[in-house]
Amino acid sequence: MRPEPRPGVLDIEPYVPGKSTAPNVAKVFKLSSNETPLGPSPRAIAAYQAEGAHLEEYPDGSASALREAIGRAFGLDPARIVCGAGSDDLLHLLAYAYLADGDEAIYTRHGFLVYPIVTLGTGATPVVVPEKNYTADVDAILGAVTGKTRIVFLANPNNPTGTYLPFDEIKRLHRGLPERVLLVLDAAYAEYVTRNDYEAGIELVSTSENVVMCRTFSKIHGLAALRLGWMFGPAHIVDAVNRIRGPFNVSSAAIAAGVAAIEDLEHQERSRAHNTRWLDWLTREIGKLGLAVTPSAANFLLIHFPDRKGFSASDADAFLTARGLILRQLGAYKLPNALRMSVGSAEANGLVVAALRDFLARAA
Ligand SMILES: Cc1ncc(COP(=O)(O)O)c(C=O)c1O
């Protein structure tokens with residue numbers, strides 16, 4: 001006899017983060033975790049460092065300064081914001097608050113892998129629905145709803161495909177869901193989207209009782225190491241999540257850096273402009289090499305390889321890694337013939353295109 005975890009826990013495929021090392025290479029470019037090549041705002045770094053003088057003190061458990069700064073930045077009521085140790089923390093909290101044994105949570109075939117993890121962890125069942133053209137399919141999601149459905153998780157844009165649903169489609173999805181089903185709009189990459197038919201979730205959250213939007217400081221704000229995310233939701237959901245979250249789930253350093261980051265609009269604009277420019281360039285240049293690239297609205301792109309010996313995604317990954325260029329293999333995302341590349345520095349982007357050109361020439 002020994003302690004046994006609840007049913008579901010041992011069915012979880014452990015999450016494998018993007019690789020960060022390449023053996024025997026002088027310079028490594030990590031393009032496997034959708035981190036920003038511009039780093040955080042210098043003001044956020046200074047705010048983080050200043051916290052070093054007070055490490056004996058507990059943080060403000062309600063992260064008021066940060067919720068107020070986010071409220072000012074987006075015109076939101078700070079009382080309807082919850083901060084978390086990364087948006088992962090918030091996804092876990094939402095699952096624990098709203099799922100129980102026997103319930104179902106829907107996510108899409110190439111959806112973010114944290115959704116099945118948090119679902120199985122509660123004893124609920126993840127229900128995977130097909131996508132169309134690597135894009136979430138509203139009809140498929142609505143068709144999968146049963147009397148047991150409690151949550152629909154949707155990353156918009158999605159990781160790792162980079163595709164997004166326009167606001168009209170999100171509204172259609174919401175209209176088709178029963179009111180008891182919680183729609184989680186995970187907008188981790190919202191700041192990078194430059195399409196005018198996109199809405200991250202603020203409007204829908206503001207006008208309904210069953211939608212939450214999750215955001216992160218790990219991407220455009222460059223604070224992945226600090227673990228910081230936030231959620232905007234209806235008062236009753238904020239209340240439930242606040243009851244179960246760790247009372248000090250966000251550190252003082254993360255709060256201070258987060259306030260500085262959200263207020264540094266210039267840095268955000270620079271990061272977005274860098275991304276837009278290089279995302280377009282990479283999509284074009286990699287396409288010219290004859291590889292299919294899924295159009296992306298985020299800070300990464302999905303590159304498809306033929307399922308042929310010598311040309312495959314894992315052959316390409318080995319070739320690129322030997323040059324210190326680390327992309328993300330996607331077998332766990334049911335995309336074994338694709339690699340995901342985060343938009344990097346000008347130098348890294350140029351090196352990847354040159355390496356792919358050499359890879360294809362050599363393999364041919
Ligand atoms: C779609 C999506 N949601 C959430 C996250 C989690 O971000 P974090 O926990 O760093 O805030 C990621 C990170 O890769 C993501 O791609």
# chains A, B, ... in the order shown; residues from 1 in each chain; ligands from 1
>>> residues_around(residues="Phe248 (chain A)", least_positions_apart="4", cutoff="12 Å", atoms="only C-alpha atoms", output="list in words")
Glu57, Tyr58, Pro59, Asp60, Gly61, Ser62, Ala63, Val82, Cys83, Gly84, Ala85, Asn242, Ile244, Ser252, Ala254 and Ile255 of chain A
>>> residues_near_ligand(ligand="ligand 1", cutoff="6 Å", atoms="only C-alpha atoms and all ligand atoms", output="list in words")
Gly86, Ser87, Asp88, Phe112, Ala155, Asn158, Asn159, Asp186, Ala188, Thr216, Ser218, Ala224, Arg227, Leu228 and Gly229 of chain A
>>> closest_residue(among="A:Arg323, A:Met231, A:Asp239, A:Glu56", to="Ile70 (chain A)", atoms="only C-alpha atoms")
A:Met231
>>> closest_residue(among="A:Pro130, A:Pro7, A:Pro78, A:Pro14", to="Ala235 (chain A)", atoms="only C-alpha atoms")
A:Pro78
>>> residues_around(residues="Ala79 (chain A)", least_positions_apart="2", cutoff="10 Å", atoms="only C-alpha atoms", output="number ranges by chain")
A: 62, 64, 67-68, 71, 76-77, 81-82, 232-235, 238-239
>>> write_last_selection(atoms="C-alpha atoms", output="mmCIF file, in the first residue's frame")
data_model
loop_
_atom_site.group_PDB
_atom_site.id
_atom_site.type_symbol
_atom_site.label_atom_id
_atom_site.label_comp_id
_atom_site.auth_asym_id
_atom_site.auth_seq_id
_atom_site.Cartn_x
_atom_site.Cartn_y
_atom_site.Cartn_z
ATOM 1 C CA SER A 62 -3.580 40.953 -3.724
ATOM 2 C CA SER A 64 -2.937 45.707 -5.958
ATOM 3 C CA ARG A 67 -3.870 45.116 -10.933
ATOM 4 C CA GLU A 68 -4.260 48.898 -10.840
ATOM 5 C CA GLY A 71 -6.544 48.443 -15.092
ATOM 6 C CA LEU A 76 -10.471 47.745 -16.701
ATOM 7 C CA ASP A 77 -11.803 47.513 -13.169
ATOM 8 C CA ILE A 81 -8.336 41.137 -12.413
ATOM 9 C CA VAL A 82 -6.451 38.252 -10.785
ATOM 10 C CA PHE A 232 -9.828 39.384 -16.441
ATOM 11 C CA GLY A 233 -13.205 37.893 -15.630
ATOM 12 C CA PRO A 234 -16.709 38.412 -14.255
ATOM 13 C CA ALA A 235 -16.846 39.205 -10.527
ATOM 14 C CA VAL A 238 -12.725 36.310 -9.884
ATOM 15 C CA ASP A 239 -14.180 35.562 -6.450
#
>>> closest_residue(among="A:Thr149, A:Gln49, A:Ser271, A:Ser314", to="Ser345 (chain A)", atoms="only C-alpha atoms")
A:Ser271
>>> residues_around(residues="region 16-30 of chain A", least_positions_apart="3", cutoff="9 Å", atoms="only C-alpha atoms", output="ChimeraX atom specification")
/A:13,33-35,321-329,332,342,344-345,348
>>> decode(residues="region 199-222 of chain A", atoms="N, CA and C atoms", output="PDB file, in the first residue's frame")
ATOM      1  N   GLU A 199      -9.986  40.466 -31.449  1.00  0.00           N
ATOM      2  CA  GLU A 199     -10.266  41.074 -30.135  1.00  0.00           C
ATOM      3  C   GLU A 199      -9.829  40.044 -29.094  1.00  0.00           C
ATOM      4  N   ALA A 200      -8.985  40.469 -28.154  1.00  0.00           N
ATOM      5  CA  ALA A 200      -8.367  39.499 -27.246  1.00  0.00           C
ATOM      6  C   ALA A 200      -9.373  38.861 -26.286  1.00  0.00           C
ATOM      7  N   GLY A 201     -10.443  39.601 -25.949  1.00  0.00           N
ATOM      8  CA  GLY A 201     -11.424  39.006 -25.036  1.00  0.00           C
ATOM      9  C   GLY A 201     -12.066  40.018 -24.106  1.00  0.00           C
ATOM     10  N   ILE A 202     -11.483  41.218 -24.022  1.00  0.00           N
ATOM     11  CA  ILE A 202     -11.984  42.200 -23.055  1.00  0.00           C
ATOM     12  C   ILE A 202     -13.461  42.491 -23.270  1.00  0.00           C
ATOM     13  N   GLU A 203     -13.839  42.670 -24.546  1.00  0.00           N
ATOM     14  CA  GLU A 203     -15.230  43.038 -24.813  1.00  0.00           C
ATOM     15  C   GLU A 203     -16.198  41.919 -24.405  1.00  0.00           C
ATOM     16  N   LEU A 204     -15.832  40.691 -24.738  1.00  0.00           N
ATOM     17  CA  LEU A 204     -16.724  39.569 -24.418  1.00  0.00           C
ATOM     18  C   LEU A 204     -16.802  39.327 -22.907  1.00  0.00           C
ATOM     19  N   VAL A 205     -15.656  39.444 -22.225  1.00  0.00           N
ATOM     20  CA  VAL A 205     -15.674  39.281 -20.762  1.00  0.00           C
ATOM     21  C   VAL A 205     -16.574  40.351 -20.146  1.00  0.00           C
ATOM     22  N   SER A 206     -16.471  41.569 -20.666  1.00  0.00           N
ATOM     23  CA  SER A 206     -17.220  42.691 -20.077  1.00  0.00           C
ATOM     24  C   SER A 206     -18.711  42.546 -20.246  1.00  0.00           C
ATOM     25  N   THR A 207     -19.131  41.778 -21.237  1.00  0.00           N
ATOM     26  CA  THR A 207     -20.562  41.728 -21.543  1.00  0.00           C
ATOM     27  C   THR A 207     -21.176  40.351 -21.290  1.00  0.00           C
ATOM     28  N   SER A 208     -20.457  39.479 -20.571  1.00  0.00           N
ATOM     29  CA  SER A 208     -21.040  38.149 -20.316  1.00  0.00           C
ATOM     30  C   SER A 208     -20.612  37.644 -18.944  1.00  0.00           C
ATOM     31  N   GLU A 209     -21.193  36.532 -18.549  1.00  0.00           N
ATOM     32  CA  GLU A 209     -20.939  35.985 -17.207  1.00  0.00           C
ATOM     33  C   GLU A 209     -20.129  34.705 -17.256  1.00  0.00           C
ATOM     34  N   ASN A 210     -19.762  34.246 -18.466  1.00  0.00           N
ATOM     35  CA  ASN A 210     -19.110  32.927 -18.561  1.00  0.00           C
ATOM     36  C   ASN A 210     -17.852  32.948 -19.433  1.00  0.00           C
ATOM     37  N   VAL A 211     -17.171  34.109 -19.480  1.00  0.00           N
ATOM     38  CA  VAL A 211     -15.938  34.198 -20.277  1.00  0.00           C
ATOM     39  C   VAL A 211     -14.839  34.804 -19.419  1.00  0.00           C
ATOM     40  N   VAL A 212     -13.633  34.226 -19.498  1.00  0.00           N
ATOM     41  CA  VAL A 212     -12.462  34.865 -18.886  1.00  0.00           C
ATOM     42  C   VAL A 212     -11.377  34.981 -19.949  1.00  0.00           C
ATOM     43  N   MET A 213     -10.521  35.972 -19.764  1.00  0.00           N
ATOM     44  CA  MET A 213      -9.379  36.149 -20.655  1.00  0.00           C
ATOM     45  C   MET A 213      -8.105  36.039 -19.819  1.00  0.00           C
ATOM     46  N   CYS A 214      -7.155  35.210 -20.277  1.00  0.00           N
ATOM     47  CA  CYS A 214      -5.864  35.090 -19.596  1.00  0.00           C
ATOM     48  C   CYS A 214      -4.783  35.774 -20.426  1.00  0.00           C
ATOM     49  N   ARG A 215      -3.880  36.473 -19.745  1.00  0.00           N
ATOM     50  CA  ARG A 215      -2.762  37.161 -20.426  1.00  0.00           C
ATOM     51  C   ARG A 215      -1.468  36.833 -19.683  1.00  0.00           C
ATOM     52  N   THR A 216      -0.363  37.099 -20.348  1.00  0.00           N
ATOM     53  CA  THR A 216       0.918  36.766 -19.732  1.00  0.00           C
ATOM     54  C   THR A 216       1.938  37.892 -19.884  1.00  0.00           C
ATOM     55  N   PHE A 217       2.866  37.938 -18.947  1.00  0.00           N
ATOM     56  CA  PHE A 217       4.021  38.839 -19.053  1.00  0.00           C
ATOM     57  C   PHE A 217       5.234  38.107 -19.626  1.00  0.00           C
ATOM     58  N   SER A 218       5.039  36.838 -20.032  1.00  0.00           N
ATOM     59  CA  SER A 218       6.184  36.038 -20.482  1.00  0.00           C
ATOM     60  C   SER A 218       6.573  36.311 -21.929  1.00  0.00           C
ATOM     61  N   LYS A 219       5.677  36.895 -22.705  1.00  0.00           N
ATOM     62  CA  LYS A 219       5.921  36.992 -24.147  1.00  0.00           C
ATOM     63  C   LYS A 219       6.399  38.397 -24.500  1.00  0.00           C
ATOM     64  N   ILE A 220       5.502  39.309 -24.865  1.00  0.00           N
ATOM     65  CA  ILE A 220       6.002  40.614 -25.329  1.00  0.00           C
ATOM     66  C   ILE A 220       6.726  41.366 -24.211  1.00  0.00           C
ATOM     67  N   HIS A 221       6.349  41.126 -22.957  1.00  0.00           N
ATOM     68  CA  HIS A 221       6.995  41.843 -21.856  1.00  0.00           C
ATOM     69  C   HIS A 221       8.320  41.222 -21.437  1.00  0.00           C
ATOM     70  N   GLY A 222       8.619  40.046 -21.938  1.00  0.00           N
ATOM     71  CA  GLY A 222       9.944  39.451 -21.712  1.00  0.00           C
ATOM     72  C   GLY A 222      10.242  39.100 -20.258  1.00  0.00           C
TER      73      GLY A 222
END
